Amino acid sequence: MNAWHKAFLASTARLLGPKARVVVGTSGGPDSQTLLHLLSTYAKELNIEALWAVGIHHGLRAEAAGELKLAEQLATQLGVPFTSVAVQVDRKGNLLDAARRVRYAALLKFAGEQHCNAVAVAHTATDQMETILLHLLRGCGLGGSRGMARRRGKIVRPLLAWSRREILDYVRTTGLSFANDPSNSDPRRARAVLRQQVTPGLTSLSGRPETGFSRYGRLAAADEQYLEELAMAELDRRKGPIGSLALHDFAALPFPISSRVLRLWLRRHHQKAGYRASVALAAATGSLWRTGHQRVGGLWIEHGFLWTTAKPERYAHDFAAPGRLAIAQLDLTLVAKVGRSRRIAKGSGCIALDASKEHLPLRVRPWRQGDRIRPFGLNGHIKVGDLFTNRKIPRALRRLWPVVLCGDEIVWVVGLRRGAMAPITPKTRRILTIAVEGQLPWSA
């Protein structure tokens with residue numbers, strides 16, 4: 001056993017953990033044949049409890065069936081169960097990316113069915129170098145400079161320390177049969193151009209250029225993790241109502257932090273969080289947060305907060321009295337109590353009604369366009385939308401702001417205005433109180 005094998009065993013044992021149940025993604029190529037052979041040969045040393053080989057047939061090349069046959073033959077020779085899975089690939093857009101996504105989905109699905117804790121794929125140090133180079137060509141930040149992780153979820157890459165030359169040496173030494181995918185030399189593919197024109201030059205400058213790129217990727221990953229942790233702490237500190245982002249003094253943040261804060265915030269809201277977009281957004285939000293209502297792409301800046309324009313999740317609830325009602329969308333709870341005491345808490349977060357005059361069940365729902373309230377102490381009706389404007393309630397919050405109704409009449413625009421229904425009088429014997437438990441979504 002040479003030094004490379006010893007290093008492989010040590011790193012892979014840490015990667016897989018004890019009593020591993022592993023699916024190996026196989027294609028019949030030299031990389032995956034090597035990986036399957038290594039994991040099977042050293043299964044005892046690696047404490048592998050169960051091992052499966054799974055080949056994914058994308059239906060894109062006629063030669064793929066023969067290549068998977070080689071993978072099946074090796075699995076059979078090693079006594080490893082083999083399964084071939086056919087998948088459908090969307091041919092629109094980026095074909096290679098679509099194939100990659102369905103391939104990983106199929107492997108992870110199989111792993112879940114077999115209760116596996118790892119899906120091993122055969123990316124090498126040469127693949128890692130190519131990935132980093134392609135990311136750098138696109139102008140990536142540290143996130144792209146990391147390249148591929150040795151482990152991401154269940155996906156593990158035990159061969160990231162092995163170069164393609166070392167893989168080829170291994171298959172020749174062990175006599176493993178393997179297939180060559182002709183698309184790997186297709187000049188229309190960026191990786192093929194790198195292999196034919198760039199890698200030979202890098203090799204002439206450094207006998208093993210993969211070593212330097214791997215070290216660079218690890219350093220970039222460590223720096224990125226540190227910056228992400230700082231950005232996450234800053235994001236938590238700037239948490240606003242319904243997931244908005246407080247922009248106060250945002251421009252004073254170091255740009256490596258502000259751009260990451262925005263990327264993390266966008267991901268939380270399931271929006272695209274590309275590096276270039278977050279760079280542009282960081283610059284815009286830094287200068288616009290003091291201004292009035294501003295649109296930035298598909299986002300909205302108002303009252304010093306950044307809001308999404310995504311449609312909020314609606315709600316409508318019956319509200320029993322006495323009882324409690326949690327409004328998860330706003331992270332607040334309404335509490336209704338019925339009693340005889342006239343000692344009522346004062347403030348915008350509580351109202352009192354004559355319980356004997358409440359004949360219909362209460363309901364709580366968000367404000368709707370056109371809603372009107374008959375305010376306590378005033379004649380006539382006013383539009384709830386005008387009330388929001390006067391109280392400077394952000395537009396994003398208006399769409400979720402709760403109103404309490406009795407029948408069709410608004411009893412309370414929560415925290416803002418009580419309706420005229422069921423006032424307390426000297427003849428009142430039973431009092432219904434409704435109070436906000438927790439904080440209102442906005443200090444009006």
# chains A, B, ... in the order shown; residues from 1 in each chain; ligands from 1

call {"tool": "closest_atom_pairs", "arguments": {"of": "region 87-168 of chain A", "to": "region 6-28 of chain A", "cutoff": "12 Å", "atoms": "only C-alpha atoms", "output": "CSV"}}
result
residue,atom,partner,partner_atom,distance
A:Arg100,CA,A:Gly25,CA,11.8
A:Arg103,CA,A:Gly25,CA,9.0
A:Tyr104,CA,A:Gly25,CA,9.0
A:Ala105,CA,A:Gly25,CA,11.6
A:Ala106,CA,A:Gly25,CA,10.0
A:Leu107,CA,A:Gly25,CA,7.0
A:Leu108,CA,A:Val23,CA,8.7
A:Lys109,CA,A:Val23,CA,10.6
A:Phe110,CA,A:Val23,CA,8.0
A:Ala111,CA,A:Val23,CA,6.3
A:Gly112,CA,A:Val23,CA,10.0
A:Glu113,CA,A:Val23,CA,10.9
A:Gln114,CA,A:Arg21,CA,8.3
A:His115,CA,A:Arg21,CA,7.4
A:Cys116,CA,A:Arg21,CA,4.6
A:Asn117,CA,A:Arg21,CA,5.7
A:Ala118,CA,A:Val22,CA,4.9
A:Val119,CA,A:Val23,CA,4.7
A:Ala120,CA,A:Val24,CA,4.8
A:Val121,CA,A:Gly25,CA,5.3
A:Ala122,CA,A:Gly25,CA,7.5
A:His123,CA,A:Gly25,CA,10.5
A:Ala149,CA,A:Leu15,CA,11.3
A:Arg150,CA,A:Leu15,CA,7.8
A:Arg151,CA,A:Leu15,CA,7.3
A:Arg152,CA,A:Leu15,CA,10.6
A:Gly153,CA,A:Leu15,CA,11.4
A:Lys154,CA,A:Val22,CA,9.4
A:Ile155,CA,A:Val23,CA,9.6
A:Val156,CA,A:Leu15,CA,7.2
A:Arg157,CA,A:Leu15,CA,8.5
A:Pro158,CA,A:Thr12,CA,5.7
A:Leu159,CA,A:Phe8,CA,7.6
A:Leu160,CA,A:Phe8,CA,9.6
A:Ala161,CA,A:Phe8,CA,8.0
A:Trp162,CA,A:Phe8,CA,8.7

call {"tool": "residues_around", "arguments": {"residues": "Ala310 (chain A)", "least_positions_apart": "5", "cutoff": "10 Å", "atoms": "only C-alpha atoms", "output": "ChimeraX atom specification"}}
result
/A:269-271,298-299,396

call {"tool": "write_last_selection", "arguments": {"atoms": "C-alpha atoms", "output": "tab-separated table (two decimals), in the first residue's frame"}}
result
chain	number	residue	atom	x	y	z
A	269	HIS	CA	-36.68	34.41	0.75
A	270	HIS	CA	-36.02	31.80	-1.95
A	271	GLN	CA	-34.84	34.36	-4.46
A	298	GLY	CA	-37.91	42.85	-7.51
A	299	LEU	CA	-37.48	44.31	-4.00
A	396	ALA	CA	-45.42	45.01	2.68

call {"tool": "select_by_dssp", "arguments": {"residues": "region 156-286 of chain A", "states": "alpha helix (DSSP H)", "output": "PyMOL selection string"}}
result
chain A and resi 164-174+190-193+199-205+209-237+255-268+275-286

call {"tool": "closest_atom_pairs", "arguments": {"of": "region 179-241 of chain A", "to": "region 65-84 of chain A", "cutoff": "10 Å", "atoms": "only C-alpha atoms", "output": "CSV"}}
result
residue,atom,partner,partner_atom,distance
A:Ala179,CA,A:Glu67,CA,5.7
A:Asn180,CA,A:Glu67,CA,8.2
A:Asp181,CA,A:Glu67,CA,8.3

call {"tool": "atom_distance", "arguments": {"atom1": "CA of Glu228 (chain A)", "atom2": "CA of Ile257 (chain A)"}}
result
7.8 Å

call {"tool": "atom_distance", "arguments": {"atom1": "CA of Leu334 (chain A)", "atom2": "CA of His317 (chain A)"}}
result
11.4 Å
